[in-house]
>>> print(open('entry01.txt').read())   # compact mmCIF, C-alpha atoms
# COMPACT_ATOMS: atom_id res chain seq x y z
CA MET Q 1 -0.19 6.36 5.64
CA ILE Q 2 -1.72 6.64 2.18
CA ILE Q 3 -1.88 9.93 0.27
CA ASP Q 4 -4.57 10.02 -2.40
CA HIS Q 5 -2.75 11.89 -5.17
CA PRO Q 6 -5.25 13.94 -7.24
CA LEU Q 7 -3.75 12.72 -10.53
CA LEU Q 8 -2.25 9.32 -9.70
CA GLY Q 9 -4.56 7.87 -7.06
CA PRO Q 10 -3.63 6.39 -3.68
CA ARG Q 11 0.13 6.24 -3.05
CA ASP Q 12 2.20 5.11 -0.09
CA ALA Q 13 3.58 7.96 2.04
CA ALA Q 14 7.08 6.48 1.55
CA GLU Q 15 7.04 7.93 -1.98
CA PHE Q 16 6.72 11.46 -0.57
CA ILE Q 17 8.95 13.98 1.20
CA TYR Q 18 7.42 16.26 3.82
CA LEU Q 19 8.28 19.95 3.73
CA GLY Q 20 6.00 21.66 6.24
CA ASP Q 21 3.34 24.33 6.59
CA ALA Q 22 1.74 25.31 3.26
CA CYS Q 23 1.97 28.96 4.36
CA LEU Q 24 5.27 28.91 2.39
CA ILE Q 25 3.11 29.49 -0.71
CA ASP Q 26 2.27 32.98 0.60
CA ARG Q 27 5.62 34.63 -0.01
CA PRO Q 28 5.49 38.29 1.12
CA ASP Q 29 5.89 41.25 -1.23
CA TRP Q 30 9.63 42.03 -1.18
CA GLN Q 31 8.99 45.69 -2.08
CA ALA Q 32 6.58 46.38 0.79
CA GLU Q 33 7.52 48.85 3.56
CA ASP Q 34 7.54 46.07 6.17
CA ALA Q 35 9.29 43.49 3.95
CA ALA Q 36 12.03 42.73 6.50
CA ASP Q 37 9.53 41.91 9.24
CA ALA Q 38 7.27 40.01 6.84
CA TYR Q 39 10.20 37.87 5.65
CA HIS Q 40 11.31 37.20 9.21
CA ASP Q 41 7.84 35.84 10.01
CA TYR Q 42 7.67 33.99 6.67
CA GLY Q 43 11.01 32.33 7.32
CA TYR Q 44 10.80 31.56 11.05
CA ILE Q 45 7.30 31.84 12.54
CA ARG Q 46 5.04 28.79 12.40
CA ASP Q 47 1.82 27.91 14.18
CA ASN Q 48 2.02 24.66 16.13
CA ILE Q 49 -1.32 23.32 14.97
CA ALA Q 50 -3.16 20.55 16.82
CA GLY Q 51 -5.86 19.62 14.30
CA PRO Q 52 -6.33 20.01 10.56
CA MET Q 53 -3.27 21.56 8.92
CA GLN Q 54 -2.35 22.36 5.33
CA GLU Q 55 1.08 20.94 4.54
CA LEU Q 56 3.40 20.77 1.54
CA TRP Q 57 4.40 17.31 0.41
CA TYR Q 58 6.70 16.49 -2.55
CA HIS Q 59 6.12 13.33 -4.60
CA GLU Q 60 9.81 12.65 -5.08
CA GLN Q 61 9.53 8.94 -5.86
CA GLY Q 62 6.70 9.58 -8.27
CA ASP Q 63 5.74 12.34 -10.65
CA ARG Q 64 7.74 15.04 -8.78
CA SER Q 65 4.66 17.11 -8.07
CA TRP Q 66 4.19 19.38 -5.05
CA LEU Q 67 0.97 18.74 -3.14
CA VAL Q 68 -0.98 20.59 -0.46
CA VAL Q 69 -2.20 17.90 1.92
CA THR Q 70 -4.76 18.76 4.62
CA ARG Q 71 -3.89 16.43 7.49
CA ASP Q 72 -5.14 16.29 11.07
CA THR Q 73 -1.98 16.39 13.18
CA LEU Q 74 -3.77 14.60 16.03
CA THR Q 75 -5.16 11.64 14.08
CA HIS Q 76 -3.17 11.67 10.77
CA GLU Q 77 -6.52 11.70 8.95
CA ILE Q 78 -6.11 13.25 5.50
CA THR Q 79 -9.17 15.20 4.36
CA ALA Q 80 -7.93 16.87 1.15
CA VAL Q 81 -5.08 16.53 -1.33
CA GLU Q 82 -4.57 19.20 -3.98
CA LEU Q 83 -1.85 20.07 -6.46
CA ALA Q 84 0.21 22.90 -4.94
CA ARG Q 85 0.21 24.76 -8.22
CA ASP Q 86 -3.61 24.81 -8.27
CA VAL Q 87 -3.67 26.09 -4.68
CA ALA Q 88 -1.04 28.75 -5.47
CA ARG Q 89 -2.91 29.92 -8.56
CA ALA Q 90 -6.18 30.06 -6.59
CA ARG Q 91 -4.38 32.34 -4.11
CA GLY Q 92 -3.32 34.58 -6.99
CA ARG Q 93 0.31 33.48 -7.22
CA SER Q 94 2.22 32.85 -10.46
CA LYS Q 95 0.43 32.30 -13.78
CA MET S 96 43.64 10.42 -32.84
CA PRO S 97 43.95 7.30 -30.68
CA ASP S 98 42.96 4.19 -32.51
CA PHE S 99 40.06 2.77 -30.53
CA THR S 100 36.30 2.65 -30.69
CA LEU S 101 33.73 2.69 -27.91
CA THR S 102 30.82 0.29 -27.93
CA ALA S 103 27.62 1.27 -26.13
CA ALA S 104 26.59 -1.46 -23.67
CA PRO S 105 23.22 -1.09 -21.91
CA PRO S 106 23.62 -2.18 -18.26
CA LEU S 107 21.45 -5.31 -18.38
CA ALA S 108 21.71 -6.14 -22.10
CA GLY S 109 21.45 -9.83 -22.87
CA TYR S 110 19.89 -10.80 -19.53
CA ASP S 111 17.30 -13.54 -19.99
CA ARG S 112 16.26 -16.00 -17.27
CA SER S 113 13.21 -17.89 -16.09
CA PHE S 114 12.04 -18.70 -12.56
CA GLY S 115 9.18 -21.22 -12.64
CA ASP S 116 6.28 -19.48 -14.39
CA ILE S 117 8.08 -16.12 -14.43
CA ALA S 118 10.26 -14.95 -17.31
CA LEU S 119 12.66 -12.05 -16.78
CA LYS S 120 14.61 -10.45 -19.57
CA ALA S 121 16.18 -7.15 -20.57
CA PRO S 122 14.82 -5.71 -23.84
CA LYS S 123 17.41 -5.02 -26.50
CA ASP S 124 18.06 -1.55 -27.99
CA LEU S 125 15.28 0.27 -26.16
CA ALA S 126 15.54 4.03 -26.67
CA ILE S 127 13.80 6.48 -24.32
CA VAL S 128 13.19 10.15 -25.05
CA SER S 129 11.28 12.47 -22.74
CA ILE S 130 8.80 15.02 -24.05
CA ALA S 131 7.97 18.16 -22.05
CA LEU S 132 4.95 20.18 -23.11
CA PRO S 133 5.79 23.91 -23.29
CA LEU S 134 3.85 26.14 -20.86
CA GLY S 135 1.03 27.84 -22.76
CA ALA S 136 1.54 25.75 -25.92
CA GLU S 137 0.29 22.40 -24.61
CA ASP S 138 -2.42 22.02 -27.26
CA ALA S 139 -0.01 22.59 -30.14
CA ALA S 140 2.38 20.02 -28.62
CA LYS S 141 -0.44 17.48 -28.22
CA ALA S 142 -1.44 17.98 -31.86
CA ALA S 143 2.18 17.50 -32.96
CA ILE S 144 2.40 14.25 -30.96
CA LYS S 145 -0.77 12.99 -32.63
CA THR S 146 0.63 13.81 -36.07
CA ALA S 147 4.08 12.38 -35.35
CA PHE S 148 3.06 9.01 -33.90
CA GLY S 149 -0.54 8.55 -35.04
CA ILE S 150 -1.68 8.26 -31.41
CA ALA S 151 -2.93 10.89 -29.00
CA LEU S 152 -0.99 11.73 -25.85
CA PRO S 153 -2.57 9.37 -23.28
CA GLU S 154 -4.04 10.36 -19.92
CA ILE S 155 -1.74 10.64 -16.90
CA GLY S 156 -0.88 7.15 -15.62
CA MET S 157 -1.55 5.51 -18.97
CA SER S 158 0.48 4.63 -22.04
CA ALA S 159 -0.48 4.38 -25.70
CA VAL S 160 1.05 2.12 -28.32
CA ALA S 161 1.28 3.03 -32.02
CA LYS S 162 -0.69 0.84 -34.42
CA ASP S 163 2.45 -0.80 -35.81
CA LYS S 164 3.69 -1.38 -32.21
CA SER S 165 6.91 0.48 -33.01
CA THR S 166 6.47 3.27 -30.44
CA ALA S 167 4.92 3.61 -27.01
CA ILE S 168 4.17 6.88 -25.21
CA MET S 169 3.94 6.94 -21.40
CA ARG S 170 2.27 9.94 -19.78
CA LEU S 171 4.06 10.49 -16.47
CA ALA S 172 2.82 13.93 -15.39
CA PRO S 173 0.59 16.75 -16.73
CA ASP S 174 3.40 18.11 -18.87
CA GLN S 175 5.78 15.14 -19.20
CA ALA S 176 5.81 11.94 -21.25
CA PHE S 177 8.33 9.30 -22.27
CA VAL S 178 8.56 7.92 -25.81
CA LEU S 179 9.94 4.36 -26.01
CA PHE S 180 11.02 2.78 -29.27
CA PRO S 181 13.66 0.35 -30.52
CA SER S 182 16.79 2.07 -31.77
CA ALA S 183 20.31 0.66 -31.82
CA THR S 184 21.99 3.95 -32.72
CA PRO S 185 22.77 6.78 -30.26
CA ASP S 186 20.55 9.32 -32.03
CA ALA S 187 17.22 8.71 -30.27
CA GLU S 188 16.57 12.34 -29.37
CA PRO S 189 17.14 13.82 -32.87
CA GLN S 190 14.77 11.19 -34.29
CA ILE S 191 11.93 12.29 -31.99
CA ALA S 192 12.77 16.01 -32.21
CA ALA S 193 12.53 15.82 -36.01
CA LYS S 194 9.09 14.18 -35.78
CA LEU S 195 7.76 16.82 -33.36
CA ASN S 196 9.23 19.70 -35.35
CA GLY S 197 9.92 21.95 -32.35
CA ALA S 198 6.42 21.69 -30.82
CA ALA S 199 7.74 20.17 -27.54
CA TYR S 200 11.01 19.93 -25.61
CA THR S 201 12.81 16.60 -26.02
CA THR S 202 15.62 15.07 -23.95
CA ASP S 203 17.45 11.79 -24.48
CA GLN S 204 16.87 9.48 -21.48
CA THR S 205 18.19 6.24 -22.99
CA ASP S 206 21.42 6.09 -20.96
CA GLY S 207 19.72 7.04 -17.71
CA TRP S 208 17.49 4.00 -17.48
CA CYS S 209 17.69 0.23 -17.49
CA ALA S 210 14.75 -1.85 -18.58
CA LEU S 211 13.48 -5.27 -17.49
CA GLU S 212 10.51 -7.15 -18.84
CA ILE S 213 8.82 -9.53 -16.44
CA SER S 214 6.14 -11.84 -17.82
CA GLY S 215 4.26 -15.02 -17.14
CA ALA S 216 1.47 -16.14 -14.85
CA GLY S 217 3.55 -15.38 -11.74
CA ALA S 218 4.79 -11.93 -12.79
CA ARG S 219 2.31 -10.03 -10.63
CA ARG S 220 2.98 -12.38 -7.70
CA ALA S 221 6.66 -11.40 -7.86
CA LEU S 222 6.01 -7.69 -8.32
CA GLU S 223 3.44 -7.24 -5.57
CA ARG S 224 6.08 -8.02 -2.96
CA ILE S 225 8.30 -5.08 -3.96
CA CYS S 226 5.94 -2.61 -5.66
CA PRO S 227 3.77 -0.42 -3.38
CA VAL S 228 1.30 0.39 -6.19
CA ASP S 229 -1.82 -1.79 -6.46
CA LEU S 230 -1.24 -4.00 -9.53
CA HIS S 231 -4.51 -5.92 -9.35
CA PRO S 232 -6.06 -6.02 -12.86
CA ASP S 233 -9.06 -4.03 -11.56
CA ALA S 234 -6.78 -1.22 -10.39
CA PHE S 235 -3.97 -1.44 -12.98
CA ALA S 236 -5.37 -2.00 -16.48
CA VAL S 237 -3.35 -3.09 -19.51
CA ASN S 238 -1.35 -0.03 -20.67
CA ALA S 239 -1.43 1.53 -17.19
CA ILE S 240 1.86 2.95 -15.91
CA ALA S 241 3.04 4.16 -12.52
CA ARG S 242 6.17 5.91 -11.39
CA THR S 243 6.94 4.59 -7.94
CA VAL S 244 9.67 3.08 -5.78
CA MET S 245 10.81 -0.53 -5.45
CA GLU S 246 13.37 -1.56 -2.82
CA HIS S 247 14.20 2.16 -2.32
CA MET S 248 14.96 2.58 -6.03
CA GLY S 249 12.82 4.84 -8.19
CA ALA S 250 11.07 2.83 -10.90
CA ILE S 251 8.43 3.01 -13.57
CA VAL S 252 6.15 0.01 -13.90
CA ALA S 253 4.11 -0.38 -17.08
CA ARG S 254 1.60 -3.13 -17.77
CA THR S 255 2.31 -3.93 -21.42
CA GLY S 256 0.21 -7.09 -21.63
CA GLU S 257 -2.17 -9.29 -19.66
CA ASP S 258 0.74 -10.83 -17.68
CA THR S 259 3.61 -8.68 -18.94
CA TYR S 260 5.16 -5.69 -17.22
CA LEU S 261 7.99 -3.41 -18.35
CA LEU S 262 10.09 -2.06 -15.50
CA LEU S 263 12.38 0.94 -15.82
CA SER S 264 14.87 2.04 -13.19
CA ALA S 265 18.07 4.08 -12.97
CA SER S 266 20.91 2.58 -15.00
CA SER S 267 23.40 3.54 -12.25
CA SER S 268 21.73 1.05 -9.88
CA ALA S 269 20.66 -1.41 -12.61
CA LYS S 270 22.26 -4.45 -10.99
CA SER S 271 20.73 -3.71 -7.59
CA PHE S 272 17.35 -3.35 -9.27
CA LEU S 273 17.84 -6.61 -11.16
CA HIS S 274 18.81 -8.29 -7.88
CA ALA S 275 15.63 -7.03 -6.19
CA VAL S 276 13.33 -8.24 -8.98
CA GLU S 277 15.25 -11.50 -9.44
CA LEU S 278 15.11 -12.29 -5.73
CA SER S 279 11.39 -11.59 -5.57
CA ALA S 280 10.82 -13.85 -8.60
CA LYS S 281 12.86 -16.62 -6.94
CA ASN S 282 10.95 -16.23 -3.66
CA VAL S 283 7.54 -16.74 -5.25
CA SER S 284 8.43 -19.56 -7.65
>>> encode(input="entry01.txt", output="C-alpha cells")
Amino acid sequence: MIIDHPLLGPRDAAEFIYLGDACLIDRPDWQAEDAADAYHDYGYIRDNIAGPMQELWYHEQGDRSWLVVTRDTLTHEITAVELARDVARARGRSK
Amino acid sequence: MPDFTLTAAPPLAGYDRSFGDIALKAPKDLAIVSIALPLGAEDAAKAAIKTAFGIALPEIGMSAVAKDKSTAIMRLAPDQAFVLFPSATPDAEPQIAAKLNGAAYTTDQTDGWCALEISGAGARRALERICPVDLHPDAFAVNAIARTVMEHMGAIVARTGEDTYLLLSASSSAKSFLHAVELSAKNVS
C-alpha cells in the first residue's frame, strides 16, 4: 500500500504506524457537565466502518508527521491524505 | 584527575571500498546540527538562516549547498532542517547557534548519525534494492533528500551529485547499516 504524503510524495506504508479512527482529534471538553460520559465514549466507543474511514497514521520512519488518511476499509483505496495538524486546526483545535 | 584522554571515533571513520563501478566510503569529520523553527517566528528564523549561510532554507525534501560548498542544509519537515558541515572538533552546535544568533533552536546530532557516501555509475542500482523511495533521476533530482527506511533502519538519503548519494543512519546500528549497503553493492556488481 502506498500513502501519498502531502509534503513528501508517495511513500511505502511500511514507513508508517497505524493508530486508528481520526475521531481522536475531537477530544471532549473536560469541564463540560457530561465530561465523564464524553470521555468514556472518546476512549472506548468506535464505529466499525465498512467503507471510507478517516484514520490517523504516523510517519515514524520518515518526517514524524501525523496524517489523516481517508481509506476505504473494504478496498484499501486511499482517497485523501492530509496533515493531521491541518485537519485539527480546521476543526478549531489548537493554534 | 586520572591521566587519560578520550579520542572521538565516528563509527565508520576510515571506511573506503569499491565494488565494481560502485565506490563506498565514510566521510571524515562530518558534523550535523539540527535546526528547529520556533512556532510563530518561522519567518525570522528563515531570514537568519539566509544571513548565516548565504542560502535560503530549501523546500521540504530538498537540500541547498552554500556557494563555497562548506555547508549543506537539508529540509526534513516543515519546521526542521539539518545543517551538515566538516568539523573535527566537538563544538558543532555552538558554531551554528552563534551564526543563527538565537533565531532558531539548534541541537547537536553529530554523534547520533553515521554517514556513508555511495557513488559511481552503479550507485543507484545498489540503492534501489534497499531503498523504498523512487530514486529515478526524474523523481529524485540532484539535491533531493528523503528520510526513509532501509533494511528496517531509519535513514536519510540525499542525492549530492549526478551519481553520488549521501546516506545517514543511526550511529548505534552503523555496522548493520554498512553491512546492508555493502551487501547490496556486492550483489549488483
>>> atom_distance(input="entry01.txt", atom1="CA of Pro173 (chain S)", atom2="CA of Gly149 (chain S)")
20.1 Å
>>> residues_around(input="entry01.txt", residues="Arg85 (chain Q)", least_positions_apart="2", cutoff="10 Å", atoms="only C-alpha atoms", output="list of chain:residue names")
Q:Ile25, Q:Ser65, Q:Trp66, Q:Leu67, Q:Val68, Q:Glu82, Q:Leu83, Q:Val87, Q:Ala88, Q:Arg89, Q:Ala90, Q:Arg91, Q:Arg93, Q:Ser94, Q:Lys95
>>> interface_residues(input="entry01.txt", of="chain S", to="chain Q", cutoff="6 Å", atoms="all atoms listed in the file", output="VMD selection string")
chain S and resid 172 242 to 244 249
>>> residues_around(input="entry01.txt", residues="region 69-78 of chain Q", least_positions_apart="6", cutoff="12 Å", atoms="only C-alpha atoms", output="list in words")
Met1, Ile2, Ile3, Asp4, His5, Pro6, Pro10, Ala13, Phe16, Ile17, Tyr18, Leu19, Gly20, Asp21, Ala22, Asn48, Ile49, Ala50, Gly51, Pro52, Met53, Gln54, Glu55, Leu56, Trp57, Tyr58, His59, Ala84 and Val87 of chain Q
>>> write_last_selection(input="entry01.txt", atoms="C-alpha atoms", output="CSV table (one decimal), in the frame of the given file")
chain,number,residue,atom,x,y,z
Q,1,MET,CA,-0.2,6.4,5.6
Q,2,ILE,CA,-1.7,6.6,2.2
Q,3,ILE,CA,-1.9,9.9,0.3
Q,4,ASP,CA,-4.6,10.0,-2.4
Q,5,HIS,CA,-2.8,11.9,-5.2
Q,6,PRO,CA,-5.2,13.9,-7.2
Q,10,PRO,CA,-3.6,6.4,-3.7
Q,13,ALA,CA,3.6,8.0,2.0
Q,16,PHE,CA,6.7,11.5,-0.6
Q,17,ILE,CA,9.0,14.0,1.2
Q,18,TYR,CA,7.4,16.3,3.8
Q,19,LEU,CA,8.3,20.0,3.7
Q,20,GLY,CA,6.0,21.7,6.2
Q,21,ASP,CA,3.3,24.3,6.6
Q,22,ALA,CA,1.7,25.3,3.3
Q,48,ASN,CA,2.0,24.7,16.1
Q,49,ILE,CA,-1.3,23.3,15.0
Q,50,ALA,CA,-3.2,20.6,16.8
Q,51,GLY,CA,-5.9,19.6,14.3
Q,52,PRO,CA,-6.3,20.0,10.6
Q,53,MET,CA,-3.3,21.6,8.9
Q,54,GLN,CA,-2.4,22.4,5.3
Q,55,GLU,CA,1.1,20.9,4.5
Q,56,LEU,CA,3.4,20.8,1.5
Q,57,TRP,CA,4.4,17.3,0.4
Q,58,TYR,CA,6.7,16.5,-2.6
Q,59,HIS,CA,6.1,13.3,-4.6
Q,84,ALA,CA,0.2,22.9,-4.9
Q,87,VAL,CA,-3.7,26.1,-4.7
>>> atom_distance(input="entry01.txt", atom1="CA of Leu263 (chain S)", atom2="CA of Ala139 (chain S)")
28.8 Å
>>> axis_aligned_box(input="entry01.txt", around="region 243-262 of chain S", padding_each_side="6 Å", output="lines of an AutoDock Vina configuration file")
center_x = 6.4
center_y = -3.0
center_z = -12.0
size_x = 29.1
size_y = 27.7
size_z = 31.3
>>> decode(input="entry01.txt", residues="region 45-92 of chain Q", atoms="C-alpha atoms", output="PDB file, in the first residue's frame")
ATOM      1  CA  ILE Q  45     -16.532   3.677  21.594  1.00  0.00           C
ATOM      2  CA  ARG Q  46     -15.629   3.274  17.926  1.00  0.00           C
ATOM      3  CA  ASP Q  47     -17.727   2.799  14.808  1.00  0.00           C
ATOM      4  CA  ASN Q  48     -16.857  -0.344  12.870  1.00  0.00           C
ATOM      5  CA  ILE Q  49     -16.877   1.300   9.467  1.00  0.00           C
ATOM      6  CA  ALA Q  50     -17.200  -0.692   6.240  1.00  0.00           C
ATOM      7  CA  GLY Q  51     -16.313   1.931   3.636  1.00  0.00           C
ATOM      8  CA  PRO Q  52     -14.421   5.215   3.621  1.00  0.00           C
ATOM      9  CA  MET Q  53     -12.901   5.961   7.030  1.00  0.00           C
ATOM     10  CA  GLN Q  54     -10.700   8.757   8.354  1.00  0.00           C
ATOM     11  CA  GLU Q  55      -7.701   7.273  10.156  1.00  0.00           C
ATOM     12  CA  LEU Q  56      -4.617   8.562  11.952  1.00  0.00           C
ATOM     13  CA  TRP Q  57      -1.292   7.377  10.592  1.00  0.00           C
ATOM     14  CA  TYR Q  58       2.151   8.337  11.958  1.00  0.00           C
ATOM     15  CA  HIS Q  59       5.119   8.666   9.586  1.00  0.00           C
ATOM     16  CA  GLU Q  60       7.585   7.188  12.051  1.00  0.00           C
ATOM     17  CA  GLN Q  61      10.234   6.141   9.527  1.00  0.00           C
ATOM     18  CA  GLY Q  62      10.016   9.489   7.798  1.00  0.00           C
ATOM     19  CA  ASP Q  63       9.366  13.049   8.854  1.00  0.00           C
ATOM     20  CA  ARG Q  64       7.465  12.049  12.047  1.00  0.00           C
ATOM     21  CA  SER Q  65       4.282  13.766  10.923  1.00  0.00           C
ATOM     22  CA  TRP Q  66       0.760  12.688  11.885  1.00  0.00           C
ATOM     23  CA  LEU Q  67      -1.567  12.234   8.923  1.00  0.00           C
ATOM     24  CA  VAL Q  68      -5.314  11.841   8.486  1.00  0.00           C
ATOM     25  CA  VAL Q  69      -5.728   9.209   5.775  1.00  0.00           C
ATOM     26  CA  THR Q  70      -9.166   8.582   4.241  1.00  0.00           C
ATOM     27  CA  ARG Q  71      -9.121   4.889   3.371  1.00  0.00           C
ATOM     28  CA  ASP Q  72     -11.879   2.558   2.202  1.00  0.00           C
ATOM     29  CA  THR Q  73     -11.787  -0.339   4.663  1.00  0.00           C
ATOM     30  CA  LEU Q  74     -13.325  -2.664   2.059  1.00  0.00           C
ATOM     31  CA  THR Q  75     -10.919  -1.983  -0.816  1.00  0.00           C
ATOM     32  CA  HIS Q  76      -7.916  -0.223   0.853  1.00  0.00           C
ATOM     33  CA  GLU Q  77      -8.370   2.587  -1.684  1.00  0.00           C
ATOM     34  CA  ILE Q  78      -6.960   5.838  -0.287  1.00  0.00           C
ATOM     35  CA  THR Q  79      -8.886   8.916  -1.416  1.00  0.00           C
ATOM     36  CA  ALA Q  80      -7.321  11.691   0.692  1.00  0.00           C
ATOM     37  CA  VAL Q  81      -4.198  12.271   2.773  1.00  0.00           C
ATOM     38  CA  GLU Q  82      -3.938  15.393   4.926  1.00  0.00           C
ATOM     39  CA  LEU Q  83      -1.625  16.611   7.663  1.00  0.00           C
ATOM     40  CA  ALA Q  84      -3.357  15.925  10.995  1.00  0.00           C
ATOM     41  CA  ARG Q  85      -2.438  19.359  12.256  1.00  0.00           C
ATOM     42  CA  ASP Q  86      -4.244  20.999   9.316  1.00  0.00           C
ATOM     43  CA  VAL Q  87      -7.324  18.842   9.967  1.00  0.00           C
ATOM     44  CA  ALA Q  88      -7.224  19.636  13.698  1.00  0.00           C
ATOM     45  CA  ARG Q  89      -6.885  23.366  13.066  1.00  0.00           C
ATOM     46  CA  ALA Q  90      -9.760  23.253  10.554  1.00  0.00           C
ATOM     47  CA  ARG Q  91     -11.874  21.671  13.312  1.00  0.00           C
ATOM     48  CA  GLY Q  92     -10.941  24.534  15.625  1.00  0.00           C
TER      49      GLY Q  92
END
